[in-house]
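Here the structure comes first, spelled out in structure tokens, and everything after it is commentary.
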Amino acid sequence: MSTTSTSAAAPPHTRSHSLFSDYAVLFKPRVSLMVVITAGAGFYLGSLASGVSPFQLGLVKALFGIALVTAGSSALNQAIERGTDRRMPRTAARPMAQHRIGLAHGLAVGFGLVCAGSVYLALATNPLTGTLTLLTAVGYIAIYTPLKRITTVNTFIGAFPGALPPLIGWTAARGVVEWPAVALFAILFVWQFPHFMAIGWLYRADYTHGGIRLAATLQPSSTAARSSALQALFYVVLMIPVSLWPTWLHVTGIPYAIAALLLDACYLTATIRFMGIIRNPDDPENRVLARQLLKVSVIYLPLLLLAMMLNAQGRLLF
């Protein structure tokens, strides 16, 4: 984001860039932060199940390794999509799209971070965590990213690597995949769909111009609106029982369940409003509905994980 109105008005090729600022864009820090937060929640819950402090189990080491792999995956994603990024105003200024970072440079940084992070995790935590993290990167880069230009099924496929961070955090603390880790995976998997439908509709014109296949880019507009809205509604309703799964597994207590239901009600309300895009798909005001759903989804997930952590193992900490 620009810090002044002058820089905001300047075209991408006229702005000054440093290698540091280009790396910051290449590594997608906001996405990486969300990955680290969800992985950290999984690690914390897993450490409580072990009865050991998360710091004694190596929380910082685990999150460092996960951050390395996430940053590397983002770099490789931009290497693959540099041509697509160049065609979309939202991403046209990215360093690889503008050739400020060359293909060989980006690939070397990306592969280096993914490999280093995976090996580090295998040594610092356990081989299972290193392997799962590497497979997550491979799924994101080699499967999901190419599918974005081929089929709308990419959203479903991409939800798998997107949902793995809290499970990976759990395995980093416990060394095994257990049902609570699967529940965390399920929560992130289901949460992503209303979130992605909102993003798809908000940047529908960009994605259409870039050749990205999403529900929002289907033709005609009425089909795109109906598909986006109904998928969002289906998954937000599914979110209700899925968000309560940790309580059923005795990972959390009733206070968490109450908090989860309140958050689910907010997520559901925003999604029902988003369904208004069906009435008039080409109405510019639909972007407002999409942005509202996006904001609610971004607030929902950290608050749900926070409630889970505060009430972990039935502790009454809020």
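Identifiers for the structure tokens are assigned positionally: chains receive A, B, ... in sequence, residues are indexed from 1 per chain, and ligands are indexed from 1 in the order shown.
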
Select from region 71-155 of chain A every residue with an atom at most 6 Å from any atom of region 204-224 of chain A, then for each give the shortest pair of atoms and their distance in Å to one decimal, using only C-alpha atoms, rows by chain and rising number, as a tab-separated table.
```
residue	atom	partner	partner_atom	distance
A:Thr84	CA	A:Gly210	CA	5.3
A:Arg87	CA	A:Gly210	CA	5.4
A:Met88	CA	A:Asp206	CA	5.1
A:Lys148	CA	A:Ile212	CA	5.4
A:Arg149	CA	A:Ile212	CA	4.9
A:Thr151	CA	A:Arg213	CA	5.6
A:Thr152	CA	A:Leu214	CA	4.7
```

Find the nearest atom pair between each residue of region 158-204 of chain A and region 236-245 of chain A for residues within 9 Å, count only C-alpha atoms, give distances in Å to one decimal, sort rows by chain and ascending number, and present the table as JSON lines.
```
{"residue": "A:Pro180", "atom": "CA", "partner": "A:Trp245", "partner_atom": "CA", "distance": 8.4}
{"residue": "A:Ala183", "atom": "CA", "partner": "A:Trp245", "partner_atom": "CA", "distance": 6.3}
{"residue": "A:Leu184", "atom": "CA", "partner": "A:Ser243", "partner_atom": "CA", "distance": 8.6}
{"residue": "A:Ala186", "atom": "CA", "partner": "A:Val242", "partner_atom": "CA", "distance": 6.8}
{"residue": "A:Ile187", "atom": "CA", "partner": "A:Val242", "partner_atom": "CA", "distance": 5.9}
{"residue": "A:Val190", "atom": "CA", "partner": "A:Met239", "partner_atom": "CA", "distance": 6.1}
{"residue": "A:Trp191", "atom": "CA", "partner": "A:Met239", "partner_atom": "CA", "distance": 6.7}
{"residue": "A:Phe193", "atom": "CA", "partner": "A:Val236", "partner_atom": "CA", "distance": 7.9}
{"residue": "A:Pro194", "atom": "CA", "partner": "A:Val236", "partner_atom": "CA", "distance": 6.6}
```

Shell of 9 Å around Val251 (chain A), only C-alpha atoms, local chain residues under 4 positions omitted, as a PyMOL selection string: chain A and resi 45+49+180+245-247+308+311-314

Among the residues A:Val177, A:Val69, A:Leu59, A:Ile80, the one that comes closest to Thr145 (chain A) [using only C-alpha atoms]: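 Looking at the shortest contact to Thr145 (chain A), the residue is A:Ile80.
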
Residue with smallest distance to Thr252 (chain A) - pool A:Leu305, A:Ala124, A:Ala97, A:Ala163, counting only C-alpha atoms: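 So, comparing all the options, the nearest one is A:Leu305.
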
Nearest to Asn286 (chain A) by atom-to-atom distance, counting only C-alpha atoms, from A:Val25, A:Ala198, A:Val176, A:Leu233: A:Ala198

Coordinates-based distance that separates CA of Ile299 (chain A) from CA of Ile258 (chain A) (Å, one decimal): 16.9 Å

Residues near region 100-115 of chain A, cut-off 8 Å, only C-alpha atoms, skip fewer than 5 positions along chain, as a PyMOL selection string: chain A and resi 22+68-76+79+95+134+137

Save the residues we just selected, C-alpha atoms, as a PDB file, in the first residue's frame?
```pdb
ATOM      1  CA  ASP A  22      10.481  -6.372  -3.415  1.00  0.00           C
ATOM      2  CA  LEU A  68      10.440 -20.069   5.710  1.00  0.00           C
ATOM      3  CA  VAL A  69       8.427 -22.608   3.701  1.00  0.00           C
ATOM      4  CA  THR A  70       5.470 -20.230   3.402  1.00  0.00           C
ATOM      5  CA  ALA A  71       7.673 -17.411   2.120  1.00  0.00           C
ATOM      6  CA  GLY A  72       9.326 -19.746  -0.371  1.00  0.00           C
ATOM      7  CA  SER A  73       5.962 -21.008  -1.600  1.00  0.00           C
ATOM      8  CA  SER A  74       4.786 -17.444  -2.169  1.00  0.00           C
ATOM      9  CA  ALA A  75       7.908 -16.694  -4.204  1.00  0.00           C
ATOM     10  CA  LEU A  76       7.422 -19.794  -6.371  1.00  0.00           C
ATOM     11  CA  ALA A  79       7.309 -17.046 -10.426  1.00  0.00           C
ATOM     12  CA  PRO A  95       8.459  -7.588  -8.603  1.00  0.00           C
ATOM     13  CA  LEU A 134       6.918 -29.853   2.151  1.00  0.00           C
ATOM     14  CA  ALA A 137       4.144 -26.404  -0.485  1.00  0.00           C
TER      15      ALA A 137
END
```

For CA of Tyr267 (chain A) and CA of His250 (chain A), the interatomic separation in Å (one decimal): 23.9 Å

Computed interatomic separation between CA of Ala225 (chain A) and CA of Ala142 (chain A) (Å): 28.9 Å

Among the residues A:Leu147, A:Gly42, A:Tyr140, A:Ser32, the one that comes closest to Pro54 (chain A) [using only C-alpha atoms]: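 Among A:Leu147, A:Gly42, A:Tyr140, A:Ser32, it is A:Gly42 that comes nearest to Pro54 (chain A).
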